[in-house]
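Okay, so here's the structure we're looking at.
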Amino acid sequence: MSSIAKDNKEINVNEKIRVKEVRLIDAVGTQLGVVPTIDALRMAKEQELDLVEVSPNAAPPVCKIMDFGKFKYQLAKKAQEAKKKQTVIQLKEMKLGLKIEEHDLQFKIKHMREFLEEGDKVKVIIMFRGREVLHVDMGDKMAQRIVESLKDISDLEQKPKFDGRNIVMVFAPL
C-alpha cells in the first residue's frame with residue numbers, strides 16, 4: 001500500500017514516510033511521543049497494521065498506527081456525507097408573453113413561488129413578439145406586478161432590464 005490523495009495532497013503510508021522521526025499515536029489513540037520512523041514502522045508491522053501520516057505539516061509529522069483500508073473507507077464516507085449535505089441552487093426560467101391572460105399569469109406566479117420556496121432562483125423573461133416592442137410600458141407594468149407579488153418570499157437579484165426583445169429579471173429566495 002502506497003499513498004492516497006486527500007484534498008489533492010498525498011497521504012504517505014509505511015515506506016513512503018521519508019522523515020527521521022515522527023510523533024506516534026498507536027492503534028487505540030495513545031500518544032507514544034516522538035519516535036524514530038524505523039521503530040514506528042516496525043511497531044506497525046508487528047501489529048499487522050499500517051503507519052499512516054495523519055498530519056504531515058506538523059513538526060515532527062504526526063503518524064498513526066491504523067488499518068489503511070479502513071482509513072480510506074472512512075475518508076470516502078466523509079466525502080460522500082459532505083456531498084449529500086450540499087445544496088445545489090438551480091435557476092428556473094419562466095417565459096411570459098405580453099398578451100398573457102390574468103389567470104395564466106397568476107398560475108405562472110404560483111409556480112414561481114413554489115420554485116422560490118424550494119430554494120431555487122427564478123429568471124423571468126417577458127417576451128415581445130412583432131410590434132409588441134412598441135408597448136414596452138405594458139411589459140414594465142407586468143414586471144412590476146410580478147415583483148410586487150413575489151416580494152414577500154424573494155429578493156430581486158436582477159432588476160427588470162430590457163434585453164433585445166425581452167424584459168429579463170432574476171429572483172432569489174430569501
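Chain identifiers are assigned as A, B, and so on, following the order in which chains appear in the C-alpha cells; residues are numbered from 1 within each chain, and ligands are numbered from 1 in order of appearance.
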I'd like the neighbourhood of Leu174 in chain A as a short mmCIF file (atom, residue, chain, number, x, y, z; two decimals) with C-alpha atoms, in the first residue's frame, where a residue qualifies if any of its atoms comes within 7 Å (using only C-alpha atoms), though same-chain residues fewer than 2 positions away should be ignored.
data_model
loop_
_atom_site.label_atom_id
_atom_site.label_comp_id
_atom_site.auth_asym_id
_atom_site.auth_seq_id
_atom_site.Cartn_x
_atom_site.Cartn_y
_atom_site.Cartn_z
CA ILE A 153 -40.75 35.43 -0.35
CA SER A 154 -37.94 36.58 -2.65
CA ASP A 155 -35.24 39.12 -3.23
CA ALA A 172 -33.52 34.74 -5.43
#
- Message: I'd like the neighbourhood of Gly29 in chain A as JSON, numbers by chain, where a residue qualifies if any of its atoms comes within 12 Å (using only C-alpha atoms), though same-chain residues fewer than 6 positions away should be ignored.
- Response: {"A": [63, 64, 65, 66]}
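Candidate residues A:Lys78, A:Lys123, A:His111, A:His135 were compared for distance to Lys92 in chain A, and the nearest is A:Lys123, using only C-alpha atoms.
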- Could you tell me which of A:Gly130, A:Val136, A:Leu116, A:Lys121 comes closest to Gln158 in chain A if we count only C-alpha atoms?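 Among A:Gly130, A:Val136, A:Leu116, A:Lys121, it is A:Lys121 that comes nearest to Gln158 in chain A.
Counting only C-alpha atoms, the residue from A:Thr37, A:Arg18, A:Lys151, A:Val13 that sits nearest to Gly69 in chain A is A:Val13.
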- Query: Looking at A:Leu150, A:Ala76, A:Ile167, A:Leu98, which one is nearest to Lys110 in chain A, with distances taken over only C-alpha atoms?
  - Reply: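 The shortest atom-to-atom distance to Lys110 in chain A comes from A:Leu150.
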- Task: Figure out the distance between CA of Gln80 in chain A and CA of Val122 in chain A, please, to one decimal in Å.
- Result: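 So the answer is 28.8 Å.
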- Task: Could you find all residues in range 5-149 of chain A that DSSP calls strand (DSSP E or B) from the backbone, and write them as a PyMOL selection string?
- Result: chain A and resi 5-6+9-13+21-25+31-36+50-55+62-66+91-97+121-127
I need the chosen residues saved as an mmCIF file, in the first residue's frame, with C-alpha atoms.
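What landed in part-v5.cif:
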data_model
loop_
_atom_site.group_PDB
_atom_site.id
_atom_site.type_symbol
_atom_site.label_atom_id
_atom_site.label_comp_id
_atom_site.auth_asym_id
_atom_site.auth_seq_id
_atom_site.Cartn_x
_atom_site.Cartn_y
_atom_site.Cartn_z
ATOM 1 C CA ALA A 5 -4.898 11.671 -2.334
ATOM 2 C CA LYS A 6 -6.692 13.588 0.445
ATOM 3 C CA LYS A 9 -2.455 16.110 -1.078
ATOM 4 C CA GLU A 10 -0.774 12.725 -0.885
ATOM 5 C CA ILE A 11 -1.177 10.733 2.314
ATOM 6 C CA ASN A 12 2.080 8.937 2.989
ATOM 7 C CA VAL A 13 1.859 5.374 4.244
ATOM 8 C CA GLU A 21 11.303 10.761 13.370
ATOM 9 C CA VAL A 22 7.559 11.079 13.846
ATOM 10 C CA ARG A 23 5.128 11.846 16.660
ATOM 11 C CA LEU A 24 3.424 8.464 17.030
ATOM 12 C CA ILE A 25 -0.135 7.586 18.030
ATOM 13 C CA GLN A 31 0.295 9.167 22.189
ATOM 14 C CA LEU A 32 3.685 7.456 22.322
ATOM 15 C CA GLY A 33 5.714 10.651 21.781
ATOM 16 C CA VAL A 34 8.473 11.313 19.235
ATOM 17 C CA VAL A 35 9.805 8.018 17.862
ATOM 18 C CA PRO A 36 12.287 7.220 15.032
ATOM 19 C CA ASP A 50 -0.048 0.424 8.624
ATOM 20 C CA LEU A 51 1.800 3.583 9.633
ATOM 21 C CA VAL A 52 -0.257 6.475 8.228
ATOM 22 C CA GLU A 53 0.881 10.109 8.158
ATOM 23 C CA VAL A 54 -2.102 11.966 9.647
ATOM 24 C CA SER A 55 -0.641 15.473 9.913
ATOM 25 C CA VAL A 62 2.120 13.057 13.271
ATOM 26 C CA CYS A 63 1.675 9.402 12.302
ATOM 27 C CA LYS A 64 -0.873 6.882 13.496
ATOM 28 C CA ILE A 65 -0.807 3.104 13.515
ATOM 29 C CA MET A 66 -4.074 2.032 11.852
ATOM 30 C CA LEU A 91 -32.008 28.645 -11.978
ATOM 31 C CA LYS A 92 -35.572 28.047 -13.142
ATOM 32 C CA GLU A 93 -36.762 30.033 -16.148
ATOM 33 C CA MET A 94 -40.294 31.373 -16.726
ATOM 34 C CA LYS A 95 -41.187 32.838 -20.112
ATOM 35 C CA LEU A 96 -44.239 35.027 -20.443
ATOM 36 C CA GLY A 97 -45.822 36.682 -23.442
ATOM 37 C CA LYS A 121 -33.640 31.065 -8.270
ATOM 38 C CA VAL A 122 -36.195 32.157 -10.865
ATOM 39 C CA LYS A 123 -35.402 34.004 -14.089
ATOM 40 C CA VAL A 124 -38.474 35.704 -15.545
ATOM 41 C CA ILE A 125 -38.482 36.619 -19.234
ATOM 42 C CA ILE A 126 -41.253 38.757 -20.659
ATOM 43 C CA MET A 127 -41.104 38.278 -24.434
#
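Of note, CA of Glu81 in chain A and CA of Val28 in chain A are spaced 25.1 Å apart.
Each of A:Tyr73, A:Ala143, A:Asp137, A:Lys83 was compared to Leu105 in chain A using only C-alpha atoms, and A:Ala143 turns out to be the nearest.
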- Pick from A:Gln106, A:Gln47, A:Thr87, A:Ser149: nearest to Gly119 in chain A, with only C-alpha atoms counted? A:Thr87
- Item | Computed interatomic separation between CA of Pro160 in chain A and CA of Gln144 in chain A (Å) | 8.4 Å
- Item | Residues near Arg165 in chain A, cut-off 8 Å, only C-alpha atoms, skip fewer than 5 positions along chain, as a PyMOL selection string | chain A and resi 127-129+133
The selected residues should be written to file as a PDB file, in the first residue's frame (atoms: C-alpha atoms).
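As a result, selection_26.pdb now contains:
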ATOM      1  CA  MET A 127     -41.104  38.278 -24.434  1.00  0.00           C
ATOM      2  CA  PHE A 128     -42.179  40.821 -27.028  1.00  0.00           C
ATOM      3  CA  ARG A 129     -43.320  39.457 -30.413  1.00  0.00           C
ATOM      4  CA  VAL A 133     -41.935  46.024 -28.857  1.00  0.00           C
TER       5      VAL A 133
END
